[in-house]
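A quick write-up on the structure given underneath.
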Amino acid sequence: MSDWGMQKAALAERLAAGDQHAKGKMVPIANLPAFLKAVIRSGDRVCLEGDNQKQADILASALANLDPRDVHDLHMVQSGVVLPSHLDIFDKGIARRLDFSYSGPQSARIARMLFGRKIELGAVHTYLELFARYFIDLTPNVALIAAVSADKDGNLYTGPNTEDTPTVVEATSYKNGLVVAQVTEIVDKVPRVDIPGDLVHFVVEAGRPFYVEPLFTRDPAAITETQILTAMLAIKGIYAPYGVRRLNHGIGFNTAAIELLLPTYGERLGLKGKICTHFALNPHPTIIPAIESGWVDQIHCFGSEVGMEDYVAARSDVFFTGPDGSLRSNRAFCQTAGLYACDMFIGSTLQIDLDGHSSTVTTSRIAGFGGAPNMGSDPRGRRHPSEPWLKAGAEADPDSNAALRRGRKLVVQIGETFGERKAPLFVERLDALDLARELKLDLAPVMVYSDDVTHIVTEEGIANLLMCRSKDEREQAIRGVAGYTDIGRARDAKLVEQLRQRGVIQRPEDLDIDPLDADRSLLAARSIKDLMLASGGLYRPPSRFRNW
Amino acid sequence: MEKLSFRLTAPRCAGGTRTQAIVGVVASGNLEVLLERASPADMCTIDIATAAHGFGAVWDAVVRDFVARRSAGGLRISINDGGARPDTVALRLAQGVRKIEEPER
């Protein structure tokens with residue numbers, strides 16, 4: 001057998017083809033179209049770095065401008081489908097197959113293209129699941145990535161938005177794939193080495209920063225009193241009794257409200273130091289007042305957030321930062337932390353059915369999952385105990401031998417009974433099922449499965465699904481917090497009252513929550529400007545959030 | 001504008017001594033609730049003027065739950081609604097009965 005080393009030989013061919021258009025590792029931006037045509041082969045598996053926030057936008061446009069007669073049938077394996085160019089690649093026939101995780105800003109177009117058979121869908125993954133497949137059966141032949149700066153040897157500095165880059169490069173470069181980076185600028189010495197240069201084959205100086213999306217900025221001015229009531233319910237009815245110290249928050253307004261109630265309502269309840277001390281969390285601006293008032297010990301981040309850079313750098317006691325001072329984020333590690341080292345996930349969704357399955361898919365929008373199903377699931381490989389985990393496990397299975405009983409992660413779905421444009425949160429049947437039938441998918445895209453969710457919180461109350469002992473009880477517990485939606489109004493009032501007597505359902509009045517407290521004056525910050533002031537001027541909100 | 005009226009038996013009488021209280025504002029998606037002590041102690045009357053037509057059954061469910069769950073006896077409640085969602089209506093009503101039982105400030 002003398003054919004070993006074929007992948008190394010193929011890489012050498014690509015490198016030689018690329019060298020024709022480069023000076024050392026540096027590809028002049030004018031040569032980019034000819035360079036990409038030379039190094040990418042039809043049928044390649046390509047990771048075009050589209051993270052949750054950071055985008056290799058110059059490389060994406062250049063890829064979309066290739067001639068499909070030269071390059072076609074690409075298989076794109078990228079976590080985020082975020083930019084229009086990510087889908088132009090499919091519209092033009094350059095790429096055919098797609099495996100991805102998240103498609104928020106392109107959710108409507110990706111749905112149309114799937115229905116129009118413009119995209120052959122592999123699967124919609126969670127982040128950690130797609131990253132895992134990079135190392136098993138979806139290893140990229142070519143990775144097109146983004147960083148802040150590079151030196152002449154190709155050492156890369158990512159700045160605070162490291163995100164997916166180390167994972168993508170690890171999988172590609174060590175398996176004989178080609179790594180091409182776009183950087184804002186070439187420098188003599190990078191501020192810190194996030195990616196070692198010997199893993200990076202070519203670098204393109206873009207001359208301007210990569211595109212980055214402020215995804216996690218929630219303006220406190222838009223938080224409603226119903227959201228404040230729901231947040232009070234979560235704090236007093238779940239965070240406090242379970243003593244949840246290690247957790248992940250979703251990115252909606254409900255969890256933003258919780259963050260802004262910690263220094264006020266949480267303080268009044270005497271919960272400081274007892275809840276919310278350790279987070280797997282993006283640097284949400286709304287967490288600033290809690291950090292400043294000493295609530296939070298430590299936060300590990302998936303990515304960064306636009307405008308939070310200086311604040312994070314100045315709070316290295318809380319955040320993970322590099323020798324250059326700036327945030328070091330890492331999506332794969334943070335997702336792992338959210339899965340195994342957190343006792344609670346709490347986030348919002350668009351639809352919940354009567355079993356408790358939840359989905360963010362509607363028939364006209366496919367937003368993907370991102371990390372929610374990973375963090376919003378019970379990790380069966382967990383072995384270390386903690387008070388909330390053990391308590392939840394005992395509630396689910398009170399009669400078994402405690403020393404042999406698995407704990408349970410708290411997986412909480414929170415939201416108002418009616419969402420945007422008065423769409424009901426609770427439905428008989430998830431739109432995801434119709435989508436799966438239409439697209440002939442084996443699996444409906446469910447974000448959090450019914451057997452993982454432990455609590456549902458709405459303004460009407462908390463349903464503790466761990467304490468439900470039958471399918472019927474579970475259905476009535478869900479109906480019992482579904483408010484005045486059709487699902488809520490069709491409840492069996494007598495059974496719901498029995499569930500309430502057993503503490504399976506808890507209402508604001510059962511928890512001594514005063515509706516008069518559901519007032520915006522209870523928020524520790526009531527505007528973006530308040531957040532900036534709370535940070536001592538270190539938080540610099542993007543212009544679209546400045547109205548002063 | 002649609003007008004709805006309810007006259008319901010109330011299991012618990014409103015607390016406090018204030019003669020009236022007002023919560024909320026008339027705005028799109030919001031509502032103003034005026035509560036006055038002007039009904040027999042075991043009754044609650046609710047008059048609604050709403051900008052959204054055809055939601056009588058939801059109003060019926062919201063006000064019945066409210067009177068059953070909260071202390072609303074003796075109150076005449078007038079609602080001026082700007083098309084609020086039912087969860088907002090339920091919250092305002094709950095805030096109203098809490099406010100009328102608060103001491104005057």
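Numbering starts fresh at 1 for the residues of each chain in the structure tokens, the chains themselves are lettered A, B, ... in the order given, and ligands are numbered from 1 as they appear.
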
Wanna dump the chain B-chain A contacts at 7 Å for me, each residue with its shortest atom pair and the distance in Å to one decimal, counting only C-alpha atoms, ordered by chain and number, as JSON lines?
```
{"residue": "B:Val58", "atom": "CA", "partner": "A:Tyr484", "partner_atom": "CA", "distance": 6.8}
{"residue": "B:Pro86", "atom": "CA", "partner": "A:Tyr484", "partner_atom": "CA", "distance": 6.5}
{"residue": "B:Thr88", "atom": "CA", "partner": "A:Thr226", "partner_atom": "CA", "distance": 6.5}
{"residue": "B:Leu91", "atom": "CA", "partner": "A:Pro515", "partner_atom": "CA", "distance": 6.8}
{"residue": "B:Ala94", "atom": "CA", "partner": "A:Pro515", "partner_atom": "CA", "distance": 6.2}
{"residue": "B:Gln95", "atom": "CA", "partner": "A:Pro515", "partner_atom": "CA", "distance": 5.2}
{"residue": "B:Arg98", "atom": "CA", "partner": "A:Leu516", "partner_atom": "CA", "distance": 6.8}
```

Now that the selection is made, can you save its residues with N, CA, C and O atoms as a PDB file, in the first residue's frame?
```pdb
ATOM      1  N   VAL B  58     -63.330  36.793  25.461  1.00  0.00           N
ATOM      2  CA  VAL B  58     -62.066  36.899  26.215  1.00  0.00           C
ATOM      3  C   VAL B  58     -62.253  37.840  27.403  1.00  0.00           C
ATOM      4  O   VAL B  58     -61.831  37.537  28.523  1.00  0.00           O
ATOM      5  N   PRO B  86     -54.838  40.495  26.690  1.00  0.00           N
ATOM      6  CA  PRO B  86     -55.511  40.062  27.916  1.00  0.00           C
ATOM      7  C   PRO B  86     -54.581  39.994  29.135  1.00  0.00           C
ATOM      8  O   PRO B  86     -55.012  40.268  30.254  1.00  0.00           O
ATOM      9  N   THR B  88     -52.162  42.009  29.806  1.00  0.00           N
ATOM     10  CA  THR B  88     -52.007  43.379  30.309  1.00  0.00           C
ATOM     11  C   THR B  88     -53.259  43.796  31.085  1.00  0.00           C
ATOM     12  O   THR B  88     -53.176  44.439  32.128  1.00  0.00           O
ATOM     13  N   LEU B  91     -53.234  42.167  34.491  1.00  0.00           N
ATOM     14  CA  LEU B  91     -52.259  42.812  35.374  1.00  0.00           C
ATOM     15  C   LEU B  91     -52.793  44.151  35.888  1.00  0.00           C
ATOM     16  O   LEU B  91     -52.721  44.450  37.077  1.00  0.00           O
ATOM     17  N   ALA B  94     -55.418  43.643  38.552  1.00  0.00           N
ATOM     18  CA  ALA B  94     -54.777  43.224  39.805  1.00  0.00           C
ATOM     19  C   ALA B  94     -54.105  44.414  40.481  1.00  0.00           C
ATOM     20  O   ALA B  94     -54.164  44.567  41.707  1.00  0.00           O
ATOM     21  N   GLN B  95     -53.481  45.275  39.675  1.00  0.00           N
ATOM     22  CA  GLN B  95     -52.837  46.464  40.241  1.00  0.00           C
ATOM     23  C   GLN B  95     -53.891  47.413  40.823  1.00  0.00           C
ATOM     24  O   GLN B  95     -53.668  48.017  41.875  1.00  0.00           O
ATOM     25  N   ARG B  98     -55.111  46.358  44.238  1.00  0.00           N
ATOM     26  CA  ARG B  98     -54.042  46.582  45.217  1.00  0.00           C
ATOM     27  C   ARG B  98     -53.920  48.074  45.549  1.00  0.00           C
ATOM     28  O   ARG B  98     -53.730  48.443  46.697  1.00  0.00           O
TER      29      ARG B  98
END
```

Item to check | Residue set, segment 7-63 of chain B restricted to alpha helix (DSSP H), as a PyMOL selection string | outcome: chain B and resi 56-63

Store the residues picked out above, limited to N, CA and C atoms, as an mmCIF file, in the first residue's frame.
```cif
data_model
loop_
_atom_site.group_PDB
_atom_site.id
_atom_site.type_symbol
_atom_site.label_atom_id
_atom_site.label_comp_id
_atom_site.auth_asym_id
_atom_site.auth_seq_id
_atom_site.Cartn_x
_atom_site.Cartn_y
_atom_site.Cartn_z
ATOM 1 N N GLY B 56 -65.493 39.837 23.083
ATOM 2 C CA GLY B 56 -66.367 39.737 24.254
ATOM 3 C C GLY B 56 -66.092 38.499 25.098
ATOM 4 N N ALA B 57 -65.865 37.365 24.442
ATOM 5 C CA ALA B 57 -65.674 36.122 25.183
ATOM 6 C C ALA B 57 -64.395 36.165 26.017
ATOM 7 N N VAL B 58 -63.330 36.793 25.461
ATOM 8 C CA VAL B 58 -62.066 36.899 26.215
ATOM 9 C C VAL B 58 -62.253 37.840 27.403
ATOM 10 N N TRP B 59 -62.925 38.985 27.169
ATOM 11 C CA TRP B 59 -63.196 39.909 28.282
ATOM 12 C C TRP B 59 -63.969 39.189 29.388
ATOM 13 N N ASP B 60 -64.962 38.420 28.974
ATOM 14 C CA ASP B 60 -65.779 37.683 29.940
ATOM 15 C C ASP B 60 -64.886 36.791 30.813
ATOM 16 N N ALA B 61 -63.967 36.070 30.169
ATOM 17 C CA ALA B 61 -63.084 35.161 30.913
ATOM 18 C C ALA B 61 -62.146 35.943 31.827
ATOM 19 N N VAL B 62 -61.601 37.047 31.322
ATOM 20 C CA VAL B 62 -60.642 37.830 32.120
ATOM 21 C C VAL B 62 -61.317 38.414 33.359
ATOM 22 N N VAL B 63 -62.490 39.040 33.184
ATOM 23 C CA VAL B 63 -63.103 39.706 34.338
ATOM 24 C C VAL B 63 -63.655 38.680 35.348
#
```

Checklist entry - Which residues, written as an NGL selection string, have at least one atom at most 7 Å from Leu4 of chain B, with only C-alpha atoms counted and residues fewer than 4 positions away on the same chain left out? => result :B and (47-49)

Residues of the last selection are to be written out with N, CA and C atoms, as a CSV table (one decimal), in the first residue's frame.
```csv
chain,number,residue,atom,x,y,z
B,47,ASP,N,-67.5,48.1,33.6
B,47,ASP,CA,-67.9,48.7,32.3
B,47,ASP,C,-66.7,48.9,31.5
B,48,ILE,N,-66.8,48.4,30.2
B,48,ILE,CA,-65.6,48.4,29.4
B,48,ILE,C,-65.9,49.2,28.1
B,49,ALA,N,-65.0,50.1,27.7
B,49,ALA,CA,-65.1,50.7,26.4
B,49,ALA,C,-63.8,50.3,25.7
```

Item to check | Expected answer as a PyMOL selection string: strand (DSSP E or B) residues in chain B | outcome: chain B and resi 2-9+13+20-24+31-37+43-50+73+75-81

Item to check | Contacts of Pro398 of chain A within 12 Å, only C-alpha atoms, excl. fewer than 4 positions in-chain, as a list in words | outcome: Leu390, Lys391, Ala392, Gly393, Ala394, Ala402, Leu404, Arg405, Arg406, Gly407, Leu466, Met467, Cys468 and Arg469 of chain A

Please produce a file of the residues just selected, as a short mmCIF file (atom, residue, chain, number, x, y, z; two decimals), in the first residue's frame, where the atoms kept are N, CA, C and O atoms.
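Output contents, as saved in out-v6.cif:
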```
data_model
loop_
_atom_site.label_atom_id
_atom_site.label_comp_id
_atom_site.auth_asym_id
_atom_site.auth_seq_id
_atom_site.Cartn_x
_atom_site.Cartn_y
_atom_site.Cartn_z
N LEU A 390 -29.81 18.24 42.44
CA LEU A 390 -30.34 17.15 43.27
C LEU A 390 -31.81 17.39 43.63
O LEU A 390 -32.63 16.46 43.60
N LYS A 391 -32.14 18.64 43.95
CA LYS A 391 -33.53 18.95 44.32
C LYS A 391 -34.49 18.69 43.15
O LYS A 391 -35.55 18.11 43.33
N ALA A 392 -34.06 19.09 41.95
CA ALA A 392 -34.92 18.87 40.78
C ALA A 392 -35.06 17.37 40.51
O ALA A 392 -36.14 16.88 40.17
N GLY A 393 -33.97 16.62 40.68
CA GLY A 393 -34.03 15.17 40.48
C GLY A 393 -34.98 14.52 41.48
O GLY A 393 -35.75 13.62 41.13
N ALA A 394 -34.94 15.00 42.71
CA ALA A 394 -35.82 14.43 43.75
C ALA A 394 -37.28 14.74 43.47
O ALA A 394 -38.17 13.91 43.69
N ALA A 402 -31.85 7.78 46.74
CA ALA A 402 -31.22 9.07 46.48
C ALA A 402 -29.79 8.93 45.95
O ALA A 402 -29.35 9.71 45.10
N LEU A 404 -28.63 6.75 44.04
CA LEU A 404 -28.57 6.26 42.66
C LEU A 404 -29.41 7.13 41.71
O LEU A 404 -29.55 6.81 40.54
N ARG A 405 -29.93 8.24 42.25
CA ARG A 405 -30.86 9.03 41.45
C ARG A 405 -30.12 10.13 40.71
O ARG A 405 -29.35 10.88 41.30
N ARG A 406 -30.33 10.18 39.41
CA ARG A 406 -29.78 11.31 38.64
C ARG A 406 -30.43 12.60 39.10
O ARG A 406 -31.63 12.63 39.37
N GLY A 407 -29.66 13.68 39.14
CA GLY A 407 -30.27 14.98 39.31
C GLY A 407 -30.91 15.42 38.00
O GLY A 407 -30.89 14.68 37.01
N LEU A 466 -41.81 18.92 36.61
CA LEU A 466 -41.14 17.82 37.31
C LEU A 466 -42.12 17.10 38.24
O LEU A 466 -41.99 15.91 38.49
N MET A 467 -43.09 17.85 38.75
CA MET A 467 -44.00 17.30 39.74
C MET A 467 -45.28 16.72 39.13
O MET A 467 -46.16 16.28 39.86
N CYS A 468 -45.36 16.73 37.81
CA CYS A 468 -46.54 16.13 37.16
C CYS A 468 -46.34 14.62 37.08
O CYS A 468 -45.25 14.16 36.72
N ARG A 469 -47.37 13.86 37.39
CA ARG A 469 -47.22 12.40 37.46
C ARG A 469 -47.89 11.67 36.30
O ARG A 469 -47.84 10.45 36.24
#
```
